[in-house]
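S.K.: Next up, start17.txt (compact mmCIF, C-alpha atoms).
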# COMPACT_ATOMS: atom_id res chain seq x y z
CA MET A 1 75.46 76.37 36.24
CA ILE A 2 71.87 75.50 37.22
CA LEU A 3 70.72 76.19 33.65
CA LEU A 4 73.42 73.84 32.40
CA TYR A 5 72.18 71.00 34.62
CA LEU A 6 68.55 71.69 33.75
CA LEU A 7 69.23 71.59 30.03
CA ASP A 8 71.32 68.46 30.35
CA ALA A 9 68.72 66.68 32.53
CA SER A 10 65.85 67.71 30.27
CA THR A 11 67.50 66.29 27.18
CA LEU A 12 68.61 63.19 29.04
CA LEU A 13 65.14 62.38 30.39
CA LEU A 14 63.07 63.52 27.40
CA ALA A 15 64.96 61.72 24.62
CA PRO A 16 63.99 58.13 25.57
CA ALA A 17 60.48 59.24 26.58
CA ILE A 18 59.94 60.82 23.15
CA LYS A 19 61.18 57.66 21.42
CA ILE A 20 58.65 55.57 23.37
CA ALA A 21 55.84 58.05 22.64
CA LEU A 22 56.58 58.06 18.90
CA PHE A 23 56.85 54.26 18.89
CA LEU A 24 53.43 53.88 20.56
CA ARG A 25 51.89 56.39 18.15
CA LEU A 26 53.17 54.37 15.21
CA LEU A 27 51.49 51.31 16.70
CA ASP A 28 48.38 53.33 17.66
CA GLN A 29 48.30 51.98 21.19
CA ARG A 30 49.26 52.64 24.77
CA PRO A 31 50.55 50.26 27.46
CA ALA A 32 47.54 48.24 28.55
CA SER A 33 48.98 46.36 31.55
CA ARG A 34 51.46 46.73 34.36
CA ARG A 35 53.81 44.40 32.54
CA ALA A 36 53.73 46.67 29.46
CA TRP A 37 54.35 49.76 31.60
CA ALA A 38 57.26 47.97 33.30
CA MET A 39 58.81 47.02 29.95
CA PHE A 40 58.54 50.55 28.58
CA PHE A 41 59.99 51.93 31.81
CA GLY A 42 62.91 49.55 31.25
CA VAL A 43 63.31 50.92 27.71
CA TRP A 44 63.27 54.49 29.10
CA LEU A 45 65.84 53.58 31.78
CA ILE A 46 68.17 52.05 29.17
CA GLY A 47 67.81 55.25 27.13
CA VAL A 48 68.82 57.37 30.12
CA VAL A 49 71.84 55.14 30.78
CA ASP A 50 72.70 55.44 27.08
CA GLY A 51 72.63 59.24 27.35
CA ILE A 52 74.83 59.27 30.45
CA THR A 53 77.33 56.85 28.87
CA ILE A 54 77.58 58.89 25.67
CA GLU A 55 78.21 62.06 27.63
CA SER A 56 81.00 60.32 29.52
CA VAL A 57 82.62 58.65 26.50
CA PRO A 58 81.50 60.41 23.31
CA SER A 59 81.94 57.74 20.61
CA TYR A 60 79.61 56.34 18.00
CA PHE A 61 81.15 52.90 18.70
CA ILE A 62 79.32 53.04 22.03
CA ASP A 63 76.31 55.06 20.90
CA LEU A 64 75.27 52.72 18.04
CA PRO A 65 75.12 49.50 20.10
CA PHE A 66 73.03 51.34 22.70
CA GLU A 67 70.70 52.67 19.98
CA ILE A 68 70.24 49.20 18.46
CA PHE A 69 69.70 47.70 21.93
CA GLU A 70 66.94 50.25 22.61
CA LEU A 71 65.21 49.37 19.34
CA ILE A 72 65.37 45.66 20.14
CA LEU A 73 63.79 46.33 23.53
CA LEU A 74 61.00 48.32 21.86
CA VAL A 75 60.25 45.42 19.52
CA LEU A 76 60.33 42.94 22.43
CA THR A 77 57.49 44.84 24.08
CA GLN A 78 55.26 43.60 21.23
CA VAL A 79 56.42 39.97 21.06
CA LYS A 80 53.22 38.64 22.65
CA GLY A 81 51.01 40.76 20.42
CA LYS A 82 50.16 40.44 16.75
CA LYS A 83 52.12 43.49 15.58
CA VAL A 84 55.69 42.16 15.38
CA LYS A 85 56.31 43.26 11.77
CA GLN A 86 54.70 46.61 12.48
CA ALA A 87 56.78 46.92 15.67
CA VAL A 88 60.03 46.24 13.78
CA SER A 89 59.12 48.87 11.18
CA ALA A 90 58.20 51.34 13.91
CA ALA A 91 61.49 50.69 15.74
CA LEU A 92 63.47 51.26 12.53
CA ILE A 93 61.66 54.58 12.01
CA ILE A 94 62.50 55.63 15.59
CA GLY A 95 66.11 54.60 15.01
CA ILE A 96 66.32 56.63 11.79
CA LEU A 97 64.85 59.72 13.48
CA GLY A 98 67.28 59.38 16.39
CA LEU A 99 70.32 59.10 14.13
CA LEU A 100 69.16 62.03 11.99
CA GLU A 101 68.79 64.20 15.10
CA ASP A 102 72.35 63.33 16.18
CA ILE A 103 73.67 64.16 12.68
CA ILE A 104 71.82 67.50 12.61
CA VAL A 105 73.05 68.38 16.11
CA ASN A 106 76.64 67.56 15.17
CA ILE A 107 76.43 69.62 11.94
CA ILE A 108 74.98 72.64 13.78
CA SER A 109 77.62 72.26 16.51
CA CYS A 110 80.30 72.75 13.87
CA TRP A 111 79.23 76.39 13.56
CA SER A 112 80.94 79.07 15.63
CA PHE A 113 77.87 80.12 17.67
CA ALA A 114 77.58 76.58 19.08
CA GLU A 115 81.02 76.39 20.59
CA THR A 116 79.91 76.82 24.24
CA LEU A 117 78.49 73.93 26.27
CA VAL A 118 75.25 75.81 27.05
CA ALA A 119 74.70 76.50 23.36
CA SER A 120 75.31 72.84 22.51
CA LEU A 121 72.80 71.71 25.14
CA TRP A 122 70.24 74.19 23.83
CA ILE A 123 70.78 72.83 20.33
CA ASP A 124 70.30 69.25 21.58
CA LEU A 125 67.03 70.13 23.31
CA LEU A 126 65.61 72.26 20.50
CA VAL A 127 66.44 69.71 17.79
CA LEU A 128 64.86 66.98 19.93
CA LEU A 129 61.64 68.97 20.43
CA ALA A 130 61.53 70.12 16.78
CA GLY A 131 61.93 66.55 15.56
CA PHE A 132 59.14 65.42 17.90
CA MET A 133 56.72 68.14 16.74
CA LEU A 134 57.45 67.51 13.06
CA ALA A 135 57.16 63.73 13.30
CA TRP A 136 54.08 63.52 15.53
CA PRO A 137 51.45 64.59 12.92
CA LEU A 138 53.12 62.57 10.13
CA LEU A 139 53.23 59.24 11.96
CA PRO A 140 49.54 58.27 11.40
CA LYS A 141 50.12 58.48 7.63
CA ILE A 142 53.20 56.29 7.95
CA ARG A 143 51.30 53.90 10.24
CA LYS A 144 48.83 53.22 7.42
CA TYR A 145 51.58 51.60 5.38
CA ILE A 146 53.45 49.68 8.07
CA SER A 147 50.20 48.21 9.45
CA ASP A 148 48.69 47.20 6.09
CA VAL A 149 49.54 43.56 5.35
CA ARG A 150 49.77 44.40 1.65
CA TYR A 151 52.70 46.77 2.21
CA GLN A 152 54.34 45.50 5.43
CA THR A 153 57.09 43.46 3.79
CA ASN A 154 58.04 46.21 1.31
CA CYS A 155 58.04 48.77 4.13
CA LEU A 156 60.31 46.54 6.20
CA PHE A 157 62.86 46.24 3.39
CA LEU A 158 62.76 49.97 2.67
CA LEU A 159 63.17 50.97 6.31
CA SER A 160 66.01 48.47 6.79
CA TYR A 161 67.78 49.98 3.79
CA LEU A 162 67.22 53.54 5.05
CA TYR A 163 68.38 52.59 8.55
CA VAL A 164 71.66 51.12 7.26
CA SER A 165 72.18 54.18 5.03
CA THR A 166 71.50 56.48 8.00
CA ILE A 167 74.01 54.57 10.14
CA PHE A 168 76.62 55.10 7.41
CA ALA A 169 75.78 58.81 7.28
CA TYR A 170 75.94 58.95 11.08
CA VAL A 171 79.40 57.35 11.20
CA VAL A 172 80.70 59.74 8.55
CA GLY A 173 79.04 62.80 10.06
CA MET A 174 80.21 62.16 13.62
CA GLN A 175 83.86 61.75 12.67
CA VAL A 176 84.42 65.41 11.79
CA LYS A 177 84.09 68.49 13.90
CA LYS A 178 84.12 70.95 11.04
CA MET A 179 81.87 71.04 8.02
CA SER A 180 83.66 70.66 4.70
CA VAL A 181 82.59 70.64 1.08
CA GLY A 182 83.41 66.93 0.75
CA LEU A 183 81.37 66.06 3.84
CA ALA A 184 78.47 68.19 2.65
CA ILE A 185 78.51 66.47 -0.75
CA LEU A 186 78.66 63.03 0.84
CA LEU A 187 75.78 63.76 3.20
CA GLY A 188 73.87 65.29 0.29
CA ILE A 189 74.35 62.14 -1.79
CA LEU A 190 73.11 60.00 1.11
CA ALA A 191 70.11 62.30 1.56
CA VAL A 192 69.26 62.16 -2.17
CA GLN A 193 69.62 58.38 -2.08
CA GLY A 194 67.19 58.17 0.83
CA ILE A 195 64.70 60.50 -0.86
CA TYR A 196 64.94 58.48 -4.08
CA ALA A 197 64.26 55.25 -2.18
CA VAL A 198 61.19 56.79 -0.51
CA LEU A 199 59.86 58.15 -3.81
CA SER A 200 60.42 54.80 -5.55
CA PHE A 201 58.55 53.09 -2.73
CA SER A 202 55.70 55.61 -2.97
CA LEU A 203 55.44 55.05 -6.73
CA SER A 204 55.48 51.29 -6.20
CA ILE A 205 52.72 51.58 -3.59
CA LYS A 206 50.69 53.78 -5.94
CA ASN A 207 50.98 51.26 -8.77
CA GLN A 208 50.22 48.36 -6.45
CA THR A 209 47.18 50.17 -5.08
CA ALA A 210 45.96 50.85 -8.61
CA LEU A 211 46.34 47.17 -9.51
CA LEU A 212 44.55 46.10 -6.32
CA ASN A 213 41.74 48.55 -6.98
CA GLU A 214 41.42 47.26 -10.52
CA ALA A 215 41.35 43.65 -9.28
CA GLU A 216 38.82 44.57 -6.61
CA GLU A 217 36.68 46.33 -9.21
CA ARG A 218 36.76 43.23 -11.42
CA HIS A 219 35.85 41.11 -8.41
CA LEU A 220 32.93 43.40 -7.59
CA GLN A 221 31.78 43.32 -11.21
CA ALA A 222 31.89 39.52 -11.13
CA GLN A 223 29.93 39.54 -7.89
CA ASN A 224 27.38 41.92 -9.39
CA ARG A 225 27.02 39.67 -12.44
CA GLN A 226 26.56 36.67 -10.19
CA LEU A 227 23.98 38.51 -8.08
CA TYR A 228 22.19 39.61 -11.26
CA GLU A 229 22.14 36.03 -12.58
CA SER A 230 20.93 34.72 -9.22
CA ASN A 231 18.25 37.40 -9.18
CA GLN A 232 17.16 36.45 -12.70
CA GLN A 233 17.00 32.79 -11.70
CA LEU A 234 14.95 33.62 -8.62
CA LYS A 235 12.64 35.67 -10.84
CA SER A 236 12.40 32.68 -13.17
CA TYR A 237 11.51 30.48 -10.19
CA ALA A 238 8.84 32.93 -9.04
CA ALA A 239 7.47 33.27 -12.58
CA SER A 240 7.35 29.50 -12.92
CA LEU A 241 5.37 29.22 -9.69
CA GLU A 242 2.99 31.94 -10.91
CA GLN A 243 2.50 30.15 -14.23
CA ASP A 244 1.76 26.89 -12.44
CA GLU A 245 -0.75 28.71 -10.26
CA ASP A 246 -2.40 30.28 -13.33
CA ARG A 247 -2.57 26.90 -15.05
CA LEU A 248 -4.10 25.33 -11.96
CA ARG A 249 -6.68 28.14 -11.74
CA ARG A 250 -7.59 27.71 -15.41
CA PHE A 251 -7.78 23.96 -14.97
CA LYS A 252 -10.21 24.35 -12.05
CA HIS A 253 -12.25 26.73 -14.17
CA ASP A 254 -12.38 24.24 -17.05
CA TYR A 255 -12.85 21.21 -14.87
CA ARG A 256 -16.65 21.36 -14.89
CA ASN A 257 -16.71 21.85 -18.67
CA ILE A 258 -14.43 18.82 -19.08
CA LEU A 259 -16.75 16.73 -16.92
CA SER A 260 -19.73 17.88 -18.98
CA SER A 261 -17.90 16.89 -22.15
CA LEU A 262 -17.11 13.50 -20.67
CA LYS A 263 -20.78 12.94 -19.82
CA LEU A 264 -21.88 14.03 -23.29
CA ALA A 265 -19.26 11.92 -25.06
CA ALA A 266 -20.15 8.93 -22.93
CA ALA A 267 -23.83 9.38 -23.78
CA GLN A 268 -23.03 9.60 -27.51
CA ASN A 269 -20.33 6.92 -27.30
CA ASP A 270 -17.90 9.26 -29.12
CA SER A 271 -14.70 8.50 -27.17
CA GLN A 272 -12.34 9.33 -30.07
CA GLN A 273 -13.65 12.88 -30.28
CA LEU A 274 -13.27 13.21 -26.52
CA LEU A 275 -9.63 12.04 -26.62
CA GLU A 276 -8.79 14.51 -29.37
CA LYS A 277 -10.32 17.36 -27.35
CA LEU A 278 -8.36 16.33 -24.24
CA ASN A 279 -5.10 16.12 -26.20
CA GLU A 280 -5.69 19.53 -27.71
CA TYR A 281 -6.48 20.99 -24.28
CA SER A 282 -3.31 19.47 -22.81
CA ARG A 283 -1.11 20.85 -25.60
CA GLU A 284 -2.53 24.33 -25.18
CA ASN A 285 -2.42 24.50 -21.40
CA PHE A 286 0.43 22.28 -20.19
CA ASP A 287 4.15 22.27 -20.82
CA GLU A 288 5.46 19.24 -18.98
CA HIS A 289 9.07 20.41 -18.91
CA ALA A 290 8.23 23.95 -17.80
CA LEU A 291 5.94 22.68 -15.06
CA ALA A 292 8.68 20.42 -13.72
CA LYS A 293 11.42 23.02 -13.97
CA PHE A 294 11.57 23.63 -10.21
CA GLN A 295 9.67 20.61 -9.03
CA ASP A 296 10.00 19.93 -5.27
CA VAL A 297 12.22 22.98 -4.69
CA ASN A 298 9.54 24.32 -2.36
CA HIS A 299 10.42 21.52 0.09
CA ILE A 300 13.86 23.07 0.67
CA HIS A 301 13.64 25.56 3.52
CA ASP A 302 17.33 26.48 3.79
CA ASP A 303 17.90 29.63 1.69
CA LEU A 304 21.52 28.82 0.81
CA LEU A 305 20.68 25.30 -0.32
CA LYS A 306 17.58 26.42 -2.22
CA SER A 307 19.57 29.12 -4.01
CA ILE A 308 22.21 26.71 -5.36
CA VAL A 309 19.52 24.24 -6.51
CA ILE A 310 17.55 26.97 -8.34
CA THR A 311 20.77 28.22 -9.95
CA LYS A 312 21.85 24.79 -11.18
CA LEU A 313 18.37 23.67 -12.32
CA SER A 314 18.05 26.91 -14.31
CA LYS A 315 21.40 26.20 -15.96
CA ILE A 316 20.36 22.63 -16.83
CA TYR A 317 17.00 23.83 -18.18
CA ASP A 318 18.58 26.59 -20.28
CA GLN A 319 21.00 24.08 -21.86
CA GLY A 320 18.09 21.81 -22.79
CA ILE A 321 19.36 18.82 -20.82
CA PRO A 322 16.56 16.46 -19.71
CA TYR A 323 16.51 16.22 -15.94
CA ARG A 324 14.50 15.35 -12.89
CA PHE A 325 14.90 16.79 -9.40
CA SER A 326 13.28 15.16 -6.42
CA CYS A 327 12.90 16.37 -2.84
CA GLN A 328 9.77 14.76 -1.46
CA LYS A 329 10.47 15.44 2.22
CA ASP A 330 10.98 18.90 3.70
CA ILE A 331 14.61 19.91 4.32
CA ASP A 332 14.29 22.05 7.44
CA HIS A 333 17.60 21.80 9.31
CA LEU A 334 20.91 20.72 7.81
CA PRO A 335 23.08 18.62 10.16
CA LEU A 336 25.75 21.32 10.26
CA VAL A 337 26.61 23.89 12.90
CA SER A 338 28.22 26.93 11.35
CA GLU A 339 27.55 28.95 8.19
CA MET A 340 31.02 27.98 6.94
CA GLU A 341 30.08 24.29 7.14
CA LYS A 342 26.86 25.00 5.23
CA MET A 343 28.87 26.90 2.64
CA ASP A 344 31.22 23.93 2.22
CA LEU A 345 28.24 21.61 1.72
CA VAL A 346 26.77 23.94 -0.89
CA ARG A 347 30.15 24.08 -2.67
CA VAL A 348 30.27 20.27 -2.89
CA ILE A 349 26.70 20.16 -4.24
CA GLY A 350 27.47 22.92 -6.74
CA ILE A 351 30.63 21.14 -7.94
CA SER A 352 28.74 17.86 -8.44
CA PHE A 353 25.99 19.65 -10.42
CA ASP A 354 28.62 21.38 -12.59
CA ASN A 355 30.36 18.06 -13.21
CA ALA A 356 27.08 16.47 -14.30
CA ILE A 357 26.24 19.41 -16.58
CA GLU A 358 29.68 19.34 -18.22
CA ALA A 359 29.49 15.58 -18.73
CA SER A 360 26.00 15.92 -20.28
CA SER A 361 26.85 18.73 -22.70
CA GLY A 362 26.71 17.41 -26.28
CA LEU A 363 25.65 13.91 -25.17
CA LYS A 364 22.82 12.44 -27.23
CA ASP A 365 21.14 10.47 -24.45
CA ALA A 366 21.99 13.00 -21.72
CA ARG A 367 19.90 13.00 -18.57
CA ILE A 368 20.53 14.27 -15.05
CA GLU A 369 18.71 13.02 -11.99
CA ALA A 370 19.21 14.62 -8.59
CA MET A 371 17.66 13.97 -5.21
CA PHE A 372 17.64 15.46 -1.72
CA TYR A 373 16.52 13.34 1.18
CA GLN A 374 16.48 13.88 4.93
CA GLU A 375 15.55 11.50 7.72
CA ASN A 376 16.32 11.53 11.45
CA GLY A 377 18.46 14.62 10.98
CA ASP A 378 20.77 13.04 8.37
CA PHE A 379 20.96 14.62 4.93
CA GLU A 380 21.53 12.75 1.68
CA PHE A 381 22.24 14.10 -1.80
CA VAL A 382 22.47 11.93 -4.91
CA ILE A 383 23.07 13.08 -8.49
CA LYS A 384 23.31 10.79 -11.50
CA ASN A 385 24.21 11.61 -15.08
CA LYS A 386 24.86 9.75 -18.30
CA THR A 387 28.44 9.57 -19.54
CA ASP A 388 29.97 8.41 -22.81
CA ASN A 389 33.03 6.89 -21.10
CA ILE A 390 33.69 5.14 -17.82
CA PRO A 391 35.37 7.64 -15.43
CA SER A 392 38.92 6.85 -14.39
CA PRO A 393 39.79 6.12 -10.73
CA ARG A 394 41.93 9.27 -10.99
CA ILE A 395 38.88 11.57 -11.18
CA PHE A 396 39.59 12.91 -7.69
CA GLU A 397 43.22 13.82 -8.50
CA PRO A 398 43.87 17.59 -8.88
CA GLY A 399 44.27 18.48 -12.55
CA TYR A 400 42.90 15.22 -13.95
CA THR A 401 40.03 15.53 -16.42
CA SER A 402 38.52 13.50 -19.23
CA LYS A 403 37.00 16.63 -20.80
CA ALA A 404 38.73 18.82 -23.37
CA GLN A 405 39.68 22.35 -22.31
CA HIS A 406 38.82 21.71 -18.67
CA ALA A 407 41.05 22.28 -15.64
CA GLY A 408 39.96 19.12 -13.83
CA LEU A 409 39.82 20.68 -10.38
CA GLY A 410 36.11 20.20 -9.57
CA LEU A 411 35.90 16.75 -8.04
CA SER A 412 39.32 17.06 -6.39
CA ASN A 413 38.10 20.26 -4.71
CA ALA A 414 34.93 18.46 -3.62
CA LEU A 415 36.96 15.63 -2.09
CA GLU A 416 39.23 18.14 -0.34
CA ILE A 417 36.19 19.80 1.25
CA VAL A 418 34.68 16.44 2.28
CA ASN A 419 37.97 15.37 3.89
CA LYS A 420 37.67 18.35 6.26
CA TYR A 421 34.61 16.65 7.76
CA ALA A 422 35.88 13.08 7.89
CA GLY A 423 33.26 10.87 9.48
CA GLN A 424 30.46 13.44 9.07
CA MET A 425 30.48 13.82 5.29
CA ILE A 426 30.64 10.53 3.38
CA VAL A 427 31.02 10.33 -0.41
CA ASP A 428 30.31 7.32 -2.60
CA ILE A 429 30.93 7.04 -6.35
CA ASP A 430 29.20 4.48 -8.59
CA THR A 431 30.13 4.05 -12.25
CA THR A 432 27.81 1.20 -13.21
CA GLY A 433 27.29 1.03 -16.99
CA ASN A 434 27.14 4.46 -18.59
CA ASP A 435 25.87 6.15 -15.43
CA PHE A 436 27.98 8.25 -13.08
CA THR A 437 26.41 8.52 -9.62
CA PHE A 438 27.71 10.85 -6.93
CA SER A 439 26.27 10.26 -3.45
CA LEU A 440 26.88 12.44 -0.41
CA MET A 441 25.71 11.63 3.10
CA VAL A 442 25.94 14.22 5.87
CA LEU A 443 25.43 12.80 9.35
CA LYS A 444 24.12 14.83 12.24
CA GLU A 445 26.39 15.59 15.18
CA GLY A 446 26.96 12.61 17.45
CA GLU A 447 26.79 9.99 14.69
CA LYS A 448 30.38 10.33 13.56
Show me the file's structure as structure tokens.

M.R.:
Amino acid sequence: MILLYLLDASTLLLAPAIKIALFLRLLDQRPASRRAWAMFFGVWLIGVVDGITIESVPSYFIDLPFEIFELILLVLTQVKGKKVKQAVSAALIIGILGLLEDIIVNIISCWSFAETLVASLWIDLLVLLAGFMLAWPLLPKIRKYISDVRYQTNCLFLLSYLYVSTIFAYVVGMQVKKMSVGLAILLGILAVQGIYAVLSFSLSIKNQTALLNEAEERHLQAQNRQLYESNQQLKSYAASLEQDEDRLRRFKHDYRNILSSLKLAAAQNDSQQLLEKLNEYSRENFDEHALAKFQDVNHIHDDLLKSIVITKLSKIYDQGIPYRFSCQKDIDHLPLVSEMEKMDLVRVIGISFDNAIEASSGLKDARIEAMFYQENGDFEFVIKNKTDNIPSPRIFEPGYTSKAQHAGLGLSNALEIVNKYAGQMIVDIDTTGNDFTFSLMVLKEGEK
């Protein structure tokens, strides 16, 4: 008699505790506050009451509502956290395991050796412990899918489907007290259906992962190409500085000779010969466009801003578009706080450069002029380009473009970014004559 009570009490007390333990393992956490401990104790207490009620009135019409109520309470323990979807999936898994244990216990109880009450209690306890030991090491693998935002929704649908199917199998399995061929076939069909659903989900996850990996690889390749191009442009900038330095060194070396020639020519009154020599020397030693390729870039002391300017000036130079960049005062500190704000500013500048380059492509009298200016902490950027048509007032509308085969999203994206900093970033557009001028003023904090 004592063994009977011990077995009954062990199953009664362990069942809800095991459900809570498995649920927490699926969430990879433990109760972190007294409130959490109190809520899980409430879940355990409801589970004990459920077990007592089922023993008194054995009916799945009472058991199922209690099971669902327990799962709802488990999910409610995570309402204030950020794992609601994961908690619902975890609760459904716990519910499926609980129903499967009841089905297995009922099927085993149909056999002749389980006819006594002690044998039935032993079966209950052993199935409970076996289910716990089998599920415990597998749950971390399952957790990977129910916690990953890429798979959460699919997991939720799959588990909901499996839970409903398991409820149907539970209702059918609990109605009979003797195993029959028809019941075995029906349960087998339900089991095959569940296995098929899991395999289909696994295949879907595998294909999705392959697609994501492929997309990530393409993204990394694009990043590598961009880094390579940026590196090449920085090398071009460094090489240009070295060439300027070499030219300056040669000029200093030749300076005395030039002065001597000037003195000699002046003495002989042969100015025409002197001019020809100077022109020849200039042609051989100076390339005006190459020397001005990165003019004034050295005054920009913000790496992010300098990088975008070097990138865009290299692009303009490579396309053979005449241009002039001016930054006569040092740009030391941008009037922005966070790196994200700086990134937004750089995006606007990059978009305006791209717009000017696209408008200048194929234009006979193309020319781009850009300027950075900073005073009293405020930052100003102006870029002007020639255009063959007067821009429409719709230039800031998403999708509008006056260029063939162009998406027309650049300036609308720039305006969207500027609107995030209303009062701090101010844009002005001037379309006087055939010039398109984009002006951006960034005010320091406190001047909004």

S.K.: Using only C-alpha atoms, determine which residues lie at most 10 Å from Thr77 (chain A), disregarding the query and same-chain residues fewer than 6 positions distant; provide the list as number ranges by chain.

M.R.: A: 31, 35-40, 43, 84, 87

S.K.: If we draw a sphere of 10 Å around (62.7, 67.1, 18.7), which residues have at least one atom in it when counting only C-alpha atoms? Please report them as an MDAnalysis selection string.

M.R.: chainID A and resid 11 14:15 18:19 97:98 101 124:136

S.K.: Could those residues be written to a file, using C-alpha atoms, as a CSV table (one decimal), keeping the file's coordinate frame?

M.R.:
chain,number,residue,atom,x,y,z
A,11,THR,CA,67.5,66.3,27.2
A,14,LEU,CA,63.1,63.5,27.4
A,15,ALA,CA,65.0,61.7,24.6
A,18,ILE,CA,59.9,60.8,23.2
A,19,LYS,CA,61.2,57.7,21.4
A,97,LEU,CA,64.8,59.7,13.5
A,98,GLY,CA,67.3,59.4,16.4
A,101,GLU,CA,68.8,64.2,15.1
A,124,ASP,CA,70.3,69.2,21.6
A,125,LEU,CA,67.0,70.1,23.3
A,126,LEU,CA,65.6,72.3,20.5
A,127,VAL,CA,66.4,69.7,17.8
A,128,LEU,CA,64.9,67.0,19.9
A,129,LEU,CA,61.6,69.0,20.4
A,130,ALA,CA,61.5,70.1,16.8
A,131,GLY,CA,61.9,66.6,15.6
A,132,PHE,CA,59.1,65.4,17.9
A,133,MET,CA,56.7,68.1,16.7
A,134,LEU,CA,57.4,67.5,13.1
A,135,ALA,CA,57.2,63.7,13.3
A,136,TRP,CA,54.1,63.5,15.5

S.K.: Can you tell me how far CA of Leu99 (chain A) sits from CA of Val49 (chain A), in Å to one decimal?

M.R.: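 CA of Leu99 (chain A) sits 17.2 Å away from CA of Val49 (chain A).
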
S.K.: For Phe41 (chain A), which residue among A:Ile205, A:Ile146, A:Ala9, A:Leu74 is the nearest when counting all atoms listed in the file?

M.R.: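 Counting all atoms listed in the file, the residue closest to Phe41 (chain A) is A:Leu74.
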
S.K.: Between A:Lys85, A:Ala370, A:Ser338, A:Ile351, which has the minimum distance to Phe294 (chain A) (counting all atoms listed in the file)?

M.R.: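 Of A:Lys85, A:Ala370, A:Ser338, A:Ile351, the one nearest Phe294 (chain A) is A:Ala370, counting all atoms listed in the file.
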
S.K.: Report the distance between CA of Asn385 (chain A) and CA of Ala422 (chain A) in Å, rounded to one decimal place.

M.R.: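 Those two atoms sit 25.8 Å apart.
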
S.K.: Tell me, in Å to one decimal, how far CA of Phe69 (chain A) is from CA of Gly188 (chain A).

M.R.: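 Atom-to-atom, CA of Phe69 (chain A) to CA of Gly188 (chain A), that is 28.2 Å.
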
S.K.: Let me make sure I understand: among A:Ile357, A:Val427, A:Val192, A:Val382, which one has the smallest atom-to-atom distance to Phe325 (chain A) if we use only C-alpha atoms?

M.R.: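 Between A:Ile357, A:Val427, A:Val192, A:Val382, the residue approaching Phe325 (chain A) most closely is A:Val382.
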